[in-house]
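Trainee: Sharing a structure below in structure tokens format, with a few things to ask.
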Amino acid sequence: MRIFKFGGASVKNKESIGNVKNILIQQKFEKGFVVVSAMGKTTNALEEVVKAYQENQNYLAMLNEIEEQHINVVKELIPEINSVFQDIINHVAEVKTFLSLNKSPKYDFIYDQVIALGELLSTKIIAAYLNHSGVNCTWLDAREYIKTNSDYREGKVDYETTCERLQHLPKDKIYIIQGFIGSDDNNFTTTLGREGSDFTGAIISYCLDAESLTIWKDVPGVLNADPRHFAKTQILNKISFEEAIELAYYGATVIHPKTLQPLQHKKIPLLVKSFMHPENEGTKIDDFSEQIKPQIPCYIVKPQQIVLTISSKNFEFIDEKVISDVYKLLTDFKLKVNLIQISAINLYLCLEDKYTNLESAVELLSQKFHVQKEEFCELYTIRNADSKSEKIIPKYESAIIKQSGKQTLQLVIKKEA
Ligand code: ADP
Ligand code: ASP
Ligand code: MG
């Protein structure tokens with residue numbers, strides 16, 4: 001069985017949904033799972049809904065707009081299928097009802113109950129369109145299959161229950177299922193972290209011992225740099241699981257970092273292919289002994305980084321106890337450290353503040369340490385760096401932190417205001 005995953009860019013409008021159908025036909029996809037993300041930037045729009053709800057703004061108008069956008073796509077694609085219009089209205093109404101009755105103050109919980117709407121709507125539309133075009137498929141609600149704990153916005157997968165449920169499904173059908181979402185023991189919706197649909201593809205592949213997972217992207221495959229940041233890029237034809245997990249971890253966002261672990265565990269190949277040129281080979285990630293082919297430097301940029309310099313107040317060393325106390329605090333505030341450097345009395349941390357907790361953390365840290373904060377930084381990572389590769393990085397001479405390992409060179413650079 002093969003698993004396909006289509007991300008937001010590949011289902012963003014009528015034409016791209018038509019293209020999904022063509023790919024399924026061209027690839028002779030007659031059974032297996034098609035994992036689908038929310039259309040285009042719908043998830044971002046839903047984040048704005050949650051924000052508006054929290055701030056007592058007019059979130060209903062925003063939800064109505066999202067509803068209208070989806071209805072318009074259906075009108076263009078399959079105007080004769082009335083049940084999809086009703087499905088869209090029902091799913092939106094469910095979110096409205098939830099918000100109007102909600103008593104929970106927990107932001108992350110509310111977030112997940114709202115944000116899943118994007119995937120529910122996109123999959124309803126795509127499933128109806130495929131069935132209408134002669135590609136028979138069955139729509140599944142991922143929340144009945146992908147079971148997680150109750151860490152809202154970062155649900156941890158319960159593989160045992162998830163696999164058991166997935167394995168019960170007949171194997172001879174095409175299933176359309178949402179990426180990114182699942183549910184907890186109380187059947188509340190959970191999500192797996194932003195951009196988590198690739199990961200859903202990997203979870204399903206793992207549970208069903210799939211022969212491969214293909215993620216369809218707006219790029220030819222995994223390139224040696226993000227084309228949005230670097231003018232000249234080259235495709236990587238083959239990558240080992242080990243190297244792919246490093247690249248994803250350092251911030252090559254073309255693959256969600258959690259995707260590789262379940263695949264590597266069962267040695268299931270991951271194919272990254274272009275939805276514009278499905279006939280091209282793209283990139284294959286597999287159990288290769290060779291790290292990467294071709295063997296060239298790879299550049300990765302992580303934006304929105306903050307450098308904290310934590311110094312002891314009375315000239316005490318930065319020892320294990322200090323580091324462990326600081327890390328404990330950072331963990332409590334969900335601040336993710338991407339780079340660490342230590343000197344006698346200074347601890348340098350390059351981190352990201354996904355959940356806007358930095359100020360509270362700095363306030364607490366400042367009770368014990370001198371804390372300096374440098375915002376608006378970028379972390380550049382070069383894998384397989386050679387003597388020239390550093391010079392491609394803008395302002396490389398003025399790096400705030402530079403660290404060089406056997407295979408990895410990292411530079412933290414302050415972004416221009
Ligand atoms: P999806 O449609 O599945 O959400 P993403 O937008 O998450 O797809 O991933 C595709 C994007 O990843 C590309 O448009 C590209 O800008 C970015 N990207 C980052 N690093 C790389 C890389 N090394 N190779 C290819 N694309 C990359
Ligand atoms: N729709 C979700 C997001 O935008 C999940 C995904 O696209 O992978 O984060
Ligand atoms: Mg995405």
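All residue names refer to the structure tokens as shown: chains lettered A, B, ... in order, residues numbered from 1 in each chain, ligands numbered from 1 in order.
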Find the residues near Gly40 (chain A): any atom within 6 Å, counting only C-alpha atoms, skip ones fewer than 4 places away on the same chain, and give them as an MDAnalysis selection string.
Mentor: chainID A and resid 8:9 12
Trainee: Applying 12 Å and only C-alpha atoms, which residues near Gln367 (chain A) remain after dropping the ones on its own chain fewer than 5 positions away? List them as a compact mmCIF listing (two decimals) with C-alpha atoms, in the first residue's frame.
Mentor:
```txt
# COMPACT_ATOMS: atom_id res chain seq x y z
CA ILE A 310 22.66 34.42 30.54
CA SER A 311 25.49 35.47 32.86
CA SER A 312 26.01 34.68 36.51
CA LYS A 313 25.57 37.67 38.81
CA VAL A 326 17.92 27.13 33.04
CA SER A 360 7.78 35.71 31.50
CA ALA A 361 10.78 33.38 31.25
CA VAL A 362 13.26 36.26 31.08
```
Trainee: Would you kindly return, as a PyMOL selection string, each protein, DNA or RNA residue with an atom no farther than 9 Å from any atom of Ala248 (chain A), considering only C-alpha atoms and excluding same-chain residues fewer than 5 positions away?
Mentor: chain A and resi 243+253-258+260
Trainee: Write a file of the just-selected residues containing all heavy atoms, as a PDB file, in the first residue's frame.
Mentor:
```pdb
ATOM      1  N   GLU A 243      20.482  11.540   7.585  1.00  0.00           N
ATOM      2  CA  GLU A 243      20.756  12.894   7.105  1.00  0.00           C
ATOM      3  C   GLU A 243      19.450  13.687   6.989  1.00  0.00           C
ATOM      4  O   GLU A 243      19.398  14.875   7.330  1.00  0.00           O
ATOM      5  CB  GLU A 243      21.476  12.847   5.749  1.00  0.00           C
ATOM      6  CG  GLU A 243      21.910  14.190   5.217  1.00  0.00           C
ATOM      7  CD  GLU A 243      22.858  14.957   6.139  1.00  0.00           C
ATOM      8  OE1 GLU A 243      23.515  14.330   7.009  1.00  0.00           O
ATOM      9  OE2 GLU A 243      22.926  16.197   5.992  1.00  0.00           O
ATOM     10  N   THR A 253      12.252  23.018   6.098  1.00  0.00           N
ATOM     11  CA  THR A 253      10.822  22.862   6.392  1.00  0.00           C
ATOM     12  C   THR A 253      10.060  22.058   5.350  1.00  0.00           C
ATOM     13  O   THR A 253       8.869  21.824   5.503  1.00  0.00           O
ATOM     14  CB  THR A 253      10.151  24.242   6.529  1.00  0.00           C
ATOM     15  OG1 THR A 253      10.443  24.969   5.320  1.00  0.00           O
ATOM     16  CG2 THR A 253      10.657  24.999   7.729  1.00  0.00           C
ATOM     17  N   VAL A 254      10.738  21.640   4.288  1.00  0.00           N
ATOM     18  CA  VAL A 254      10.060  20.844   3.265  1.00  0.00           C
ATOM     19  C   VAL A 254       9.563  19.511   3.843  1.00  0.00           C
ATOM     20  O   VAL A 254       8.598  18.931   3.362  1.00  0.00           O
ATOM     21  CB  VAL A 254      10.967  20.663   2.016  1.00  0.00           C
ATOM     22  CG1 VAL A 254      12.200  19.870   2.344  1.00  0.00           C
ATOM     23  CG2 VAL A 254      10.221  20.043   0.864  1.00  0.00           C
ATOM     24  N   ILE A 255      10.196  19.050   4.918  1.00  0.00           N
ATOM     25  CA  ILE A 255       9.721  17.843   5.616  1.00  0.00           C
ATOM     26  C   ILE A 255       9.523  18.190   7.092  1.00  0.00           C
ATOM     27  O   ILE A 255      10.424  18.748   7.719  1.00  0.00           O
ATOM     28  CB  ILE A 255      10.757  16.695   5.560  1.00  0.00           C
ATOM     29  CG1 ILE A 255      11.178  16.419   4.118  1.00  0.00           C
ATOM     30  CG2 ILE A 255      10.211  15.437   6.212  1.00  0.00           C
ATOM     31  CD1 ILE A 255      12.359  15.488   4.025  1.00  0.00           C
ATOM     32  N   HIS A 256       8.373  17.849   7.621  1.00  0.00           N
ATOM     33  CA  HIS A 256       8.165  18.076   9.055  1.00  0.00           C
ATOM     34  C   HIS A 256       9.094  17.126   9.825  1.00  0.00           C
ATOM     35  O   HIS A 256       9.141  15.923   9.530  1.00  0.00           O
ATOM     36  CB  HIS A 256       6.698  17.794   9.403  1.00  0.00           C
ATOM     37  CG  HIS A 256       6.346  18.205  10.794  1.00  0.00           C
ATOM     38  ND1 HIS A 256       6.666  17.449  11.884  1.00  0.00           N
ATOM     39  CD2 HIS A 256       5.735  19.312  11.271  1.00  0.00           C
ATOM     40  CE1 HIS A 256       6.247  18.068  12.982  1.00  0.00           C
ATOM     41  NE2 HIS A 256       5.684  19.199  12.622  1.00  0.00           N
ATOM     42  N   PRO A 257       9.841  17.658  10.807  1.00  0.00           N
ATOM     43  CA  PRO A 257      10.866  16.828  11.465  1.00  0.00           C
ATOM     44  C   PRO A 257      10.348  15.530  12.072  1.00  0.00           C
ATOM     45  O   PRO A 257      11.059  14.531  12.096  1.00  0.00           O
ATOM     46  CB  PRO A 257      11.435  17.738  12.564  1.00  0.00           C
ATOM     47  CG  PRO A 257      10.720  19.025  12.477  1.00  0.00           C
ATOM     48  CD  PRO A 257       9.814  19.033  11.302  1.00  0.00           C
ATOM     49  N   LYS A 258       9.085  15.518  12.527  1.00  0.00           N
ATOM     50  CA  LYS A 258       8.592  14.289  13.168  1.00  0.00           C
ATOM     51  C   LYS A 258       8.288  13.178  12.164  1.00  0.00           C
ATOM     52  O   LYS A 258       8.036  12.046  12.540  1.00  0.00           O
ATOM     53  CB  LYS A 258       7.301  14.600  13.945  1.00  0.00           C
ATOM     54  CG  LYS A 258       7.534  15.386  15.215  1.00  0.00           C
ATOM     55  CD  LYS A 258       6.219  15.499  15.957  1.00  0.00           C
ATOM     56  CE  LYS A 258       6.303  16.520  17.085  1.00  0.00           C
ATOM     57  NZ  LYS A 258       4.959  16.982  17.464  1.00  0.00           N
ATOM     58  N   LEU A 260      10.155  11.663   9.975  1.00  0.00           N
ATOM     59  CA  LEU A 260      11.170  10.654   9.665  1.00  0.00           C
ATOM     60  C   LEU A 260      11.232   9.490  10.650  1.00  0.00           C
ATOM     61  O   LEU A 260      11.506   8.363  10.250  1.00  0.00           O
ATOM     62  CB  LEU A 260      12.561  11.323   9.592  1.00  0.00           C
ATOM     63  CG  LEU A 260      12.975  12.011   8.294  1.00  0.00           C
ATOM     64  CD1 LEU A 260      12.568  11.211   7.067  1.00  0.00           C
ATOM     65  CD2 LEU A 260      12.535  13.420   8.172  1.00  0.00           C
TER      66      LEU A 260
END
```
Trainee: Fewer than 4 positions away in the same chain doesn't count, so skip those; otherwise give me all residues within 12 Å of Phe333 (chain A), counting only C-alpha atoms, as a compact mmCIF listing (two decimals) with N, CA and C atoms, in the first residue's frame.
Mentor:
```txt
# COMPACT_ATOMS: atom_id res chain seq x y z
N VAL A 326 18.37 26.28 34.15
CA VAL A 326 17.92 27.13 33.04
C VAL A 326 17.08 26.29 32.07
N TYR A 327 17.55 25.09 31.75
CA TYR A 327 16.82 24.24 30.81
C TYR A 327 15.44 23.85 31.36
N LYS A 328 15.39 23.62 32.66
CA LYS A 328 14.10 23.26 33.29
C LYS A 328 13.12 24.40 33.06
N LEU A 329 13.61 25.61 33.32
CA LEU A 329 12.73 26.77 33.16
C LEU A 329 12.29 26.95 31.69
N VAL A 337 15.29 25.45 22.39
CA VAL A 337 16.67 25.85 22.17
C VAL A 337 17.21 25.18 20.91
N LEU A 351 17.24 30.55 20.61
CA LEU A 351 16.00 29.82 20.83
C LEU A 351 14.82 30.46 20.10
N GLU A 352 13.71 29.71 20.08
CA GLU A 352 12.51 30.28 19.48
C GLU A 352 11.36 30.22 20.46
N ASP A 353 10.49 31.22 20.31
CA ASP A 353 9.41 31.45 21.27
C ASP A 353 8.06 31.27 20.57
N LYS A 354 7.75 30.01 20.27
CA LYS A 354 6.55 29.71 19.49
C LYS A 354 5.27 30.11 20.23
N TYR A 355 5.32 30.07 21.55
CA TYR A 355 4.09 30.28 22.32
C TYR A 355 4.09 31.61 23.08
N THR A 356 4.93 32.55 22.64
CA THR A 356 5.03 33.90 23.27
C THR A 356 5.17 33.85 24.79
N ASN A 357 6.13 33.11 25.24
CA ASN A 357 6.39 33.01 26.68
C ASN A 357 7.69 33.66 27.09
N LEU A 358 8.40 34.22 26.12
CA LEU A 358 9.77 34.68 26.39
C LEU A 358 9.83 35.67 27.55
N GLU A 359 8.94 36.66 27.52
CA GLU A 359 9.04 37.72 28.54
C GLU A 359 8.92 37.17 29.94
N SER A 360 7.96 36.28 30.15
CA SER A 360 7.78 35.71 31.50
C SER A 360 9.01 34.91 31.89
N ALA A 361 9.59 34.18 30.94
CA ALA A 361 10.78 33.38 31.25
C ALA A 361 11.95 34.28 31.60
N VAL A 362 12.13 35.35 30.82
CA VAL A 362 13.26 36.26 31.08
C VAL A 362 13.09 36.92 32.45
N GLU A 363 11.86 37.24 32.79
CA GLU A 363 11.60 37.87 34.10
C GLU A 363 12.06 36.96 35.23
N LEU A 364 11.74 35.68 35.13
CA LEU A 364 12.15 34.73 36.16
C LEU A 364 13.67 34.52 36.17
N LEU A 365 14.23 34.37 34.97
CA LEU A 365 15.68 34.16 34.87
C LEU A 365 16.44 35.35 35.46
```
Trainee: Identify, counting only C-alpha atoms and all ligand atoms, the protein, DNA and RNA residues located within 12 Å of ligand 3, and give them as a PyMOL selection string.
Mentor: chain A and resi 5-12+36-44+119+179-180+193-199+215-218+253-256
Trainee: Would you save the residues of that selection, restricted to N, CA and C atoms, as an mmCIF file, in the first residue's frame?
Mentor:
```
data_model
loop_
_atom_site.group_PDB
_atom_site.id
_atom_site.type_symbol
_atom_site.label_atom_id
_atom_site.label_comp_id
_atom_site.auth_asym_id
_atom_site.auth_seq_id
_atom_site.Cartn_x
_atom_site.Cartn_y
_atom_site.Cartn_z
ATOM 1 N N LYS A 5 0.498 12.211 0.413
ATOM 2 C CA LYS A 5 0.093 13.361 1.216
ATOM 3 C C LYS A 5 0.146 14.632 0.369
ATOM 4 N N PHE A 6 -0.962 15.373 0.377
ATOM 5 C CA PHE A 6 -1.029 16.637 -0.354
ATOM 6 C C PHE A 6 -1.133 17.785 0.645
ATOM 7 N N GLY A 7 -0.215 18.727 0.556
ATOM 8 C CA GLY A 7 -0.193 19.863 1.484
ATOM 9 C C GLY A 7 -1.039 21.022 0.996
ATOM 10 N N GLY A 8 -1.045 22.079 1.796
ATOM 11 C CA GLY A 8 -1.888 23.241 1.520
ATOM 12 C C GLY A 8 -1.714 23.800 0.119
ATOM 13 N N ALA A 9 -0.464 23.879 -0.343
ATOM 14 C CA ALA A 9 -0.199 24.478 -1.654
ATOM 15 C C ALA A 9 -0.775 23.616 -2.782
ATOM 16 N N SER A 10 -0.867 22.307 -2.567
ATOM 17 C CA SER A 10 -1.315 21.426 -3.646
ATOM 18 C C SER A 10 -2.833 21.286 -3.707
ATOM 19 N N VAL A 11 -3.534 21.928 -2.755
ATOM 20 C CA VAL A 11 -5.007 21.875 -2.805
ATOM 21 C C VAL A 11 -5.585 23.282 -2.606
ATOM 22 N N LYS A 12 -4.843 24.283 -3.107
ATOM 23 C CA LYS A 12 -5.229 25.649 -2.719
ATOM 24 C C LYS A 12 -6.432 26.204 -3.491
ATOM 25 N N VAL A 36 -4.629 14.796 3.462
ATOM 26 C CA VAL A 36 -4.766 16.136 2.889
ATOM 27 C C VAL A 36 -4.736 17.210 3.984
ATOM 28 N N SER A 37 -4.047 18.309 3.676
ATOM 29 C CA SER A 37 -3.998 19.468 4.583
ATOM 30 C C SER A 37 -5.154 20.412 4.285
ATOM 31 N N ALA A 38 -5.210 21.469 5.066
ATOM 32 C CA ALA A 38 -6.185 22.534 4.812
ATOM 33 C C ALA A 38 -5.795 23.265 3.525
ATOM 34 N N MET A 39 -6.788 23.848 2.854
ATOM 35 C CA MET A 39 -6.509 24.530 1.581
ATOM 36 C C MET A 39 -5.694 25.805 1.805
ATOM 37 N N GLY A 40 -4.647 25.960 1.013
ATOM 38 C CA GLY A 40 -3.851 27.194 1.021
ATOM 39 C C GLY A 40 -3.479 27.642 2.426
ATOM 40 N N LYS A 41 -3.905 28.854 2.756
ATOM 41 C CA LYS A 41 -3.526 29.433 4.066
ATOM 42 C C LYS A 41 -4.678 29.383 5.070
ATOM 43 N N THR A 42 -5.578 28.409 4.907
ATOM 44 C CA THR A 42 -6.756 28.360 5.791
ATOM 45 C C THR A 42 -6.368 28.241 7.270
ATOM 46 N N THR A 43 -5.321 27.464 7.562
ATOM 47 C CA THR A 43 -4.953 27.287 8.970
ATOM 48 C C THR A 43 -4.546 28.627 9.599
ATOM 49 N N ASN A 44 -3.834 29.439 8.836
ATOM 50 C CA ASN A 44 -3.472 30.771 9.354
ATOM 51 C C ASN A 44 -4.727 31.595 9.622
ATOM 52 N N GLU A 119 -8.826 21.261 7.724
ATOM 53 C CA GLU A 119 -8.612 19.926 7.147
ATOM 54 C C GLU A 119 -9.941 19.223 6.909
ATOM 55 N N GLY A 179 -4.840 15.384 7.385
ATOM 56 C CA GLY A 179 -3.566 15.387 8.084
ATOM 57 C C GLY A 179 -3.714 16.225 9.339
ATOM 58 N N PHE A 180 -2.708 16.208 10.201
ATOM 59 C CA PHE A 180 -2.551 17.206 11.263
ATOM 60 C C PHE A 180 -3.470 17.025 12.469
ATOM 61 N N GLY A 193 0.823 19.663 15.853
ATOM 62 C CA GLY A 193 1.834 20.717 15.656
ATOM 63 C C GLY A 193 1.722 21.253 14.243
ATOM 64 N N ARG A 194 1.942 22.560 14.078
ATOM 65 C CA ARG A 194 1.795 23.186 12.761
ATOM 66 C C ARG A 194 2.595 22.422 11.710
ATOM 67 N N GLU A 195 2.083 22.372 10.548
ATOM 68 C CA GLU A 195 2.686 21.670 9.409
ATOM 69 C C GLU A 195 2.736 20.159 9.620
ATOM 70 N N GLY A 196 1.862 19.669 10.519
ATOM 71 C CA GLY A 196 1.959 18.266 10.934
ATOM 72 C C GLY A 196 1.344 17.226 9.999
ATOM 73 N N SER A 197 0.876 17.650 8.834
ATOM 74 C CA SER A 197 0.233 16.648 7.952
ATOM 75 C C SER A 197 1.217 15.621 7.389
ATOM 76 N N ASP A 198 2.435 16.037 7.141
ATOM 77 C CA ASP A 198 3.453 15.065 6.701
ATOM 78 C C ASP A 198 3.558 13.951 7.748
ATOM 79 N N PHE A 199 3.531 14.377 9.003
ATOM 80 C CA PHE A 199 3.655 13.434 10.112
ATOM 81 C C PHE A 199 2.481 12.450 10.114
ATOM 82 N N ILE A 215 5.170 12.601 -0.421
ATOM 83 C CA ILE A 215 4.613 13.916 -0.099
ATOM 84 C C ILE A 215 4.792 14.809 -1.325
ATOM 85 N N TRP A 216 3.666 15.378 -1.776
ATOM 86 C CA TRP A 216 3.629 16.147 -3.025
ATOM 87 C C TRP A 216 3.806 17.621 -2.706
ATOM 88 N N LYS A 217 4.845 18.223 -3.272
ATOM 89 C CA LYS A 217 5.222 19.590 -2.874
ATOM 90 C C LYS A 217 5.309 20.530 -4.075
ATOM 91 N N ASP A 218 5.461 21.822 -3.765
ATOM 92 C CA ASP A 218 5.591 22.832 -4.821
ATOM 93 C C ASP A 218 7.049 23.031 -5.240
ATOM 94 N N THR A 253 12.252 23.018 6.098
ATOM 95 C CA THR A 253 10.822 22.862 6.392
ATOM 96 C C THR A 253 10.060 22.058 5.350
ATOM 97 N N VAL A 254 10.738 21.640 4.288
ATOM 98 C CA VAL A 254 10.060 20.844 3.265
ATOM 99 C C VAL A 254 9.563 19.511 3.843
ATOM 100 N N ILE A 255 10.196 19.050 4.918
ATOM 101 C CA ILE A 255 9.721 17.843 5.616
ATOM 102 C C ILE A 255 9.523 18.190 7.092
ATOM 103 N N HIS A 256 8.373 17.849 7.621
ATOM 104 C CA HIS A 256 8.165 18.076 9.055
ATOM 105 C C HIS A 256 9.094 17.126 9.825
#
```
